[in-house]
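Novice: Below is one structure. I have some questions about it.
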Amino acid sequence: MIEVNELTKRYGDTLAVDGLSFTVRPGHVTGFLGPNGAGKSTTLRIALGLHDPTGGSVTVDGRRFRDRPRGLRHVGALLDAHDVHGGRTARTQLYVLARSNRIPRRRADEVLEQVGLAGAGRRRISGFSLGMRQRLGIATALLGDPPVLLFDEPLNGLDPEGVQWLRGLFRRLAGEGRTVLVSSHLMSEMENTADQLVVIGRGSLIAAESLADFAARGTRPSVTVRTPDHDRTALTELLAGEGAEVRRTGDALTVTGLSADRIGELALLHGVLLHELSARPASLEEAFMALTADSADHVTGAAR
Ligand SMILES: Nc1ncnc2c1ncn2[C@@H]1O[C@H](COP(=O)(O)OP(=O)(O)OP(=O)(O)O)[C@@H](O)[C@H]1O
């Protein structure tokens with residue numbers, strides 16, 4: 001379990017993390033989401049003992065990462081895929097880390113195989129593409145077979161096949177009972193990756209809940225209804241009379257506040273012909289935009 005407790009981090013005048021508290025549980029893939037500059041990387045760096053907090057703490061199973069000898073066996077992490085010694089080969093890089101963490105050398109070859117880099121193990125990292133560097137970073141995270149894994153923007157630079165593969169790997173790791181925390185600034189990346197979410201904005205917590213709860217909180221599900229012109233006004237009045245909110249969108253009506261079942265019943269009872277009746281689930285992307293709108297550091301095309 002990862003526990004972030006009243007965490008604060010200040011860089012000069014910038015308050016990067018502001019009294020942040022949340023818990024990440026094992027057995028789930030937890031998405032760590034927030035707009036650019038929200039404080040995700042800072043939180044992960046503090047969790048790994050790379051930066052000191054100004055206040056508060058991050059612990060893994062009750063202890064700070066720095067207080068653990070042979071840390072890679074407890075927490076595996078992918079932070080910046082460029083932050084490796086380019087002159088080394090992938091295998092050497094993993095051997096060096098294995099030795100300092102007392103991990104058997106054969107484990108390095110196993111993880112290279114696991115991430116699809118077995119054929120590139122003897123090549124220098126400086127010649128690696130971004131996708132290959134990401135895979136090497138993932139191999140490094142897996143090296144110590146740790147119960148807790150942190151990934152900062154791991155889908156960056158991966159092709160669609162790589163994205164699919166990585167999503168499957170996250171699910172497998174969580175299925176084995178590990179704690180998997182994956183950061184991203186894109187809700188679309190998390191939609192098919194995570195089952196739990198921690199959302200932050202300007203260093204503060206916005207939400208910590210399941211994906212379904214997050215979506216339901218941010219936007220209401222709606223129903224699209226299409227009906228012939230001559231029935232449209234009557235149907236609008238009928239639904240509004242039942243307390244629904246009805247908006248005209250093109251030749252359709254967008255209805256919130258009533259279920260598709262209820263709309264169908266009412267139409268039948270009043271002899272209104274329907275050409276379409278489709279429920280639209282609450283959109284995660286809309287929920288994310290709505291809840292983080294005030295906390296984005298850079299808002300395109302809008303003065304703040
Ligand atoms: N070493 C540093 N020195 C000064 N300011 C920093 C440093 N690291 C981060 N910051 C600032 O702290 C804030 C949070 O940055 P952080 O990188 O943690 O956000 P993030 O959520 O990971 O963003 P992104 O999605 O863009 O990676 C930003 O305003 C950033 O400019």
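Here, A, B, ... name the chains of the structure tokens in the order displayed, residue numbers run from 1 inside each chain, and ligands are numbered from 1 in the same displayed order.
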Using only C-alpha atoms and all ligand atoms, determine which residues fall within 9 Å of ligand 1, then list them as a PyMOL selection string.
Specialist: chain A and resi 9-17+33-45+51+152-153+183-186+200-203+297
Novice: The selected residues should be written to file as a PDB file, in the first residue's frame (atoms: C-alpha atoms).
Specialist:
```
ATOM      1  CA  LYS A   9       6.536  20.402  -1.957  1.00  0.00           C
ATOM      2  CA  ARG A  10       7.731  23.871  -2.712  1.00  0.00           C
ATOM      3  CA  TYR A  11      10.327  24.772  -5.392  1.00  0.00           C
ATOM      4  CA  GLY A  12      11.156  28.402  -4.640  1.00  0.00           C
ATOM      5  CA  ASP A  13       7.924  30.313  -5.282  1.00  0.00           C
ATOM      6  CA  THR A  14       6.188  27.326  -6.897  1.00  0.00           C
ATOM      7  CA  LEU A  15       3.929  25.235  -4.698  1.00  0.00           C
ATOM      8  CA  ALA A  16       4.105  21.976  -6.701  1.00  0.00           C
ATOM      9  CA  VAL A  17       2.250  19.791  -4.151  1.00  0.00           C
ATOM     10  CA  LEU A  33      -4.203  11.840 -13.339  1.00  0.00           C
ATOM     11  CA  GLY A  34      -3.917  15.580 -13.563  1.00  0.00           C
ATOM     12  CA  PRO A  35      -3.300  18.318 -16.119  1.00  0.00           C
ATOM     13  CA  ASN A  36       0.290  19.327 -16.981  1.00  0.00           C
ATOM     14  CA  GLY A  37       2.078  20.713 -13.954  1.00  0.00           C
ATOM     15  CA  ALA A  38      -0.411  19.244 -11.460  1.00  0.00           C
ATOM     16  CA  GLY A  39       2.368  17.719  -9.344  1.00  0.00           C
ATOM     17  CA  LYS A  40       2.280  14.050 -10.405  1.00  0.00           C
ATOM     18  CA  SER A  41       5.981  13.633 -11.186  1.00  0.00           C
ATOM     19  CA  THR A  42       6.937  15.551  -8.058  1.00  0.00           C
ATOM     20  CA  THR A  43       4.844  13.178  -5.928  1.00  0.00           C
ATOM     21  CA  LEU A  44       6.402  10.117  -7.582  1.00  0.00           C
ATOM     22  CA  ARG A  45       9.911  11.524  -7.176  1.00  0.00           C
ATOM     23  CA  HIS A  51      13.344  14.711  -3.827  1.00  0.00           C
ATOM     24  CA  ASP A 152       5.246   8.033 -14.868  1.00  0.00           C
ATOM     25  CA  GLU A 153       3.586   8.539 -18.291  1.00  0.00           C
ATOM     26  CA  SER A 183       0.444   8.566 -14.124  1.00  0.00           C
ATOM     27  CA  SER A 184      -0.940  10.352 -17.160  1.00  0.00           C
ATOM     28  CA  HIS A 185      -2.274  13.771 -18.122  1.00  0.00           C
ATOM     29  CA  LEU A 186      -4.724  12.158 -20.582  1.00  0.00           C
ATOM     30  CA  ILE A 200      -5.033  15.987  -8.751  1.00  0.00           C
ATOM     31  CA  GLY A 201      -4.931  19.607  -9.879  1.00  0.00           C
ATOM     32  CA  ARG A 202      -2.479  22.323  -8.756  1.00  0.00           C
ATOM     33  CA  GLY A 203      -0.981  19.923  -6.235  1.00  0.00           C
ATOM     34  CA  ASP A 297      -1.725  25.321 -15.672  1.00  0.00           C
TER      35      ASP A 297
END
```
Novice: Under the rule of at most 12 Å, produce a per-residue listing of region 115-162 of chain A near region 52-69 of chain A: chain, number, name, the closest pair of atoms, and the distance in Å, as a Markdown table, using only C-alpha atoms.
Specialist:
```
| residue | atom | partner | partner_atom | distance |
| --- | --- | --- | --- | --- |
| A:Pro146 | CA | A:Val60 | CA | 11.5 |
| A:Pro147 | CA | A:Val60 | CA | 9.9 |
| A:Val148 | CA | A:Val60 | CA | 8.0 |
| A:Leu149 | CA | A:Val60 | CA | 10.5 |
| A:Leu150 | CA | A:Val60 | CA | 11.3 |
```
Novice: Could you find all residues in region 133-201 of chain A that DSSP calls strand (DSSP E or B) from the backbone, and write them as a list in words?
Specialist: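 The residues of region 133-201 of chain A classed as strand (DSSP E or B) are Val148, Leu149, Leu150, Phe151, Asp152, Thr179, Val180, Leu181, Val182, Ser183, Ser184, Gln196, Leu197, Val198, Val199, Ile200 and Gly201 of chain A.
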Novice: Taking 5 positions as the minimum chain separation for residues in the same chain, which residues sit within 8 Å of Leu158 (chain A) when counting only C-alpha atoms? Answer as a ChimeraX atom specification.
Specialist: /A:130-131,134,163
Novice: A:Thr140, A:Gln196, A:Thr233, A:Asn156: which is nearest Arg91 (chain A), counting only C-alpha atoms?
Specialist: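 The shortest atom-to-atom distance to Arg91 (chain A) comes from A:Thr140.
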Novice: In Å, rounded to a single decimal, give me how far CA of Ala194 (chain A) is from CA of Leu181 (chain A).
Specialist: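 Going from CA of Leu181 (chain A) over to CA of Ala194 (chain A) covers 8.8 Å.
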Novice: Taking 3 positions as the minimum chain separation for residues in the same chain, which residues sit within 12 Å of Thr254 (chain A) when counting only C-alpha atoms? Answer as JSON, numbers by chain.
Specialist: {"A": [220, 221, 222, 223, 224, 225, 226, 227, 232, 235, 236, 239, 240, 244, 245, 246, 247, 248, 249, 250, 251, 257, 258, 259, 260, 263, 276, 277, 278, 279, 280]}
Novice: Produce a file of the selected residues containing C-alpha atoms, as a CSV table (one decimal), in the first residue's frame.
Specialist:
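The file below, out.csv, is the result:
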```
chain,number,residue,atom,x,y,z
A,220,ARG,CA,-24.8,13.0,-15.9
A,221,PRO,CA,-25.6,10.2,-18.3
A,222,SER,CA,-27.9,11.4,-21.1
A,223,VAL,CA,-30.2,9.8,-23.6
A,224,THR,CA,-30.4,10.7,-27.3
A,225,VAL,CA,-33.9,10.7,-28.7
A,226,ARG,CA,-34.9,11.1,-32.4
A,227,THR,CA,-38.5,11.6,-33.3
A,232,ARG,CA,-40.7,16.8,-31.4
A,235,LEU,CA,-42.3,15.1,-26.8
A,236,THR,CA,-40.1,17.9,-25.5
A,239,LEU,CA,-40.4,15.0,-21.0
A,240,ALA,CA,-39.9,18.5,-19.4
A,244,ALA,CA,-36.2,16.1,-17.5
A,245,GLU,CA,-33.8,18.6,-19.1
A,246,VAL,CA,-34.2,18.5,-22.8
A,247,ARG,CA,-31.8,20.1,-25.3
A,248,ARG,CA,-32.1,20.2,-29.1
A,249,THR,CA,-29.0,18.9,-30.8
A,250,GLY,CA,-29.4,18.8,-34.6
A,251,ASP,CA,-32.4,16.7,-35.4
A,257,GLY,CA,-32.7,13.3,-15.8
A,258,LEU,CA,-34.8,10.5,-17.2
A,259,SER,CA,-33.8,6.9,-18.1
A,260,ALA,CA,-34.1,5.6,-21.7
A,263,ILE,CA,-38.7,7.9,-22.1
A,276,GLU,CA,-33.9,6.5,-32.0
A,277,LEU,CA,-33.6,6.0,-28.2
A,278,SER,CA,-30.0,5.5,-27.1
A,279,ALA,CA,-28.5,5.9,-23.6
A,280,ARG,CA,-25.1,7.6,-23.6
```
Novice: Which neighbours of region 94-105 of chain A fall inside 10 Å, counting only C-alpha atoms, when residues of the same chain fewer than 6 positions from it are skipped, and could you give them as a list in words?
Specialist: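 Here the answer would be Pro69, Arg70, Gly71, Leu72, Arg73, Arg88, Val111, Leu112, Gly121, Leu136, Gly137, Ala139, Thr140, Leu143, Gly144 and Asp145 of chain A.
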Novice: Considering only C-alpha atoms, can you say which of A:Leu79, A:Thr179, A:Val199, A:His275 comes closest to Glu3 (chain A)?
Specialist: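 Among the listed residues, A:Thr179 lies closest to Glu3 (chain A).
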Novice: Measuring between only C-alpha atoms, which one of A:Ala208, A:Val29, A:Met289, A:Val115 shows the shortest distance to Trp165 (chain A)?
Specialist: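 Looking only at the distances to Trp165 (chain A), the closest residue turns out to be A:Val115.
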Novice: List the neighbours of region 169-172 of chain A out to 9 Å using only C-alpha atoms; skip same-chain residues closer than 6 positions along the sequence, and give me the result as a ChimeraX atom specification.
Specialist: /A:27-29,180,182,193-194
Novice: I'd like to know which residues of region 183-260 of chain A are alpha helix (DSSP H) (by DSSP, run on the backbone); could you write them as a ChimeraX atom specification?
Specialist: /A:187-191,211-218,229-241,260
Novice: Can those selected residues be exported to a file as a tab-separated table (two decimals), in the first residue's frame so that it contains C-alpha atoms?
Specialist:
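Result file out-v1.tsv:
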```tsv
chain	number	residue	atom	x	y	z
A	187	MET	CA	-7.96	10.62	-19.38
A	188	SER	CA	-8.27	8.77	-22.71
A	189	GLU	CA	-5.12	6.80	-21.83
A	190	MET	CA	-6.51	5.77	-18.46
A	191	GLU	CA	-9.96	4.79	-19.68
A	211	LEU	CA	-13.51	5.14	-12.69
A	212	ALA	CA	-17.27	4.57	-12.71
A	213	ASP	CA	-17.85	6.78	-9.66
A	214	PHE	CA	-15.63	9.49	-11.11
A	215	ALA	CA	-17.54	9.51	-14.40
A	216	ALA	CA	-20.91	9.58	-12.66
A	217	ARG	CA	-19.88	12.50	-10.44
A	218	GLY	CA	-18.58	14.72	-13.21
A	229	ASP	CA	-40.52	16.72	-36.74
A	230	HIS	CA	-44.25	16.82	-35.99
A	231	ASP	CA	-43.78	14.93	-32.69
A	232	ARG	CA	-40.72	16.79	-31.43
A	233	THR	CA	-42.37	19.71	-29.64
A	234	ALA	CA	-44.96	17.47	-27.97
A	235	LEU	CA	-42.25	15.08	-26.76
A	236	THR	CA	-40.09	17.93	-25.46
A	237	GLU	CA	-43.02	19.26	-23.40
A	238	LEU	CA	-43.90	15.78	-22.19
A	239	LEU	CA	-40.36	15.03	-20.95
A	240	ALA	CA	-39.89	18.48	-19.43
A	241	GLY	CA	-43.17	17.92	-17.56
A	260	ALA	CA	-34.14	5.59	-21.66
```
Novice: What is the distance, in Å and to one decimal place, between CA of Leu155 (chain A) and CA of Leu78 (chain A)?
Specialist: 10.9 Å
Novice: To one decimal place in Å, what is the distance between CA of Leu253 (chain A) and CA of Pro281 (chain A)?
Specialist: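 Taking CA of Leu253 (chain A) as the start and CA of Pro281 (chain A) as the end point, the length is 15.6 Å.
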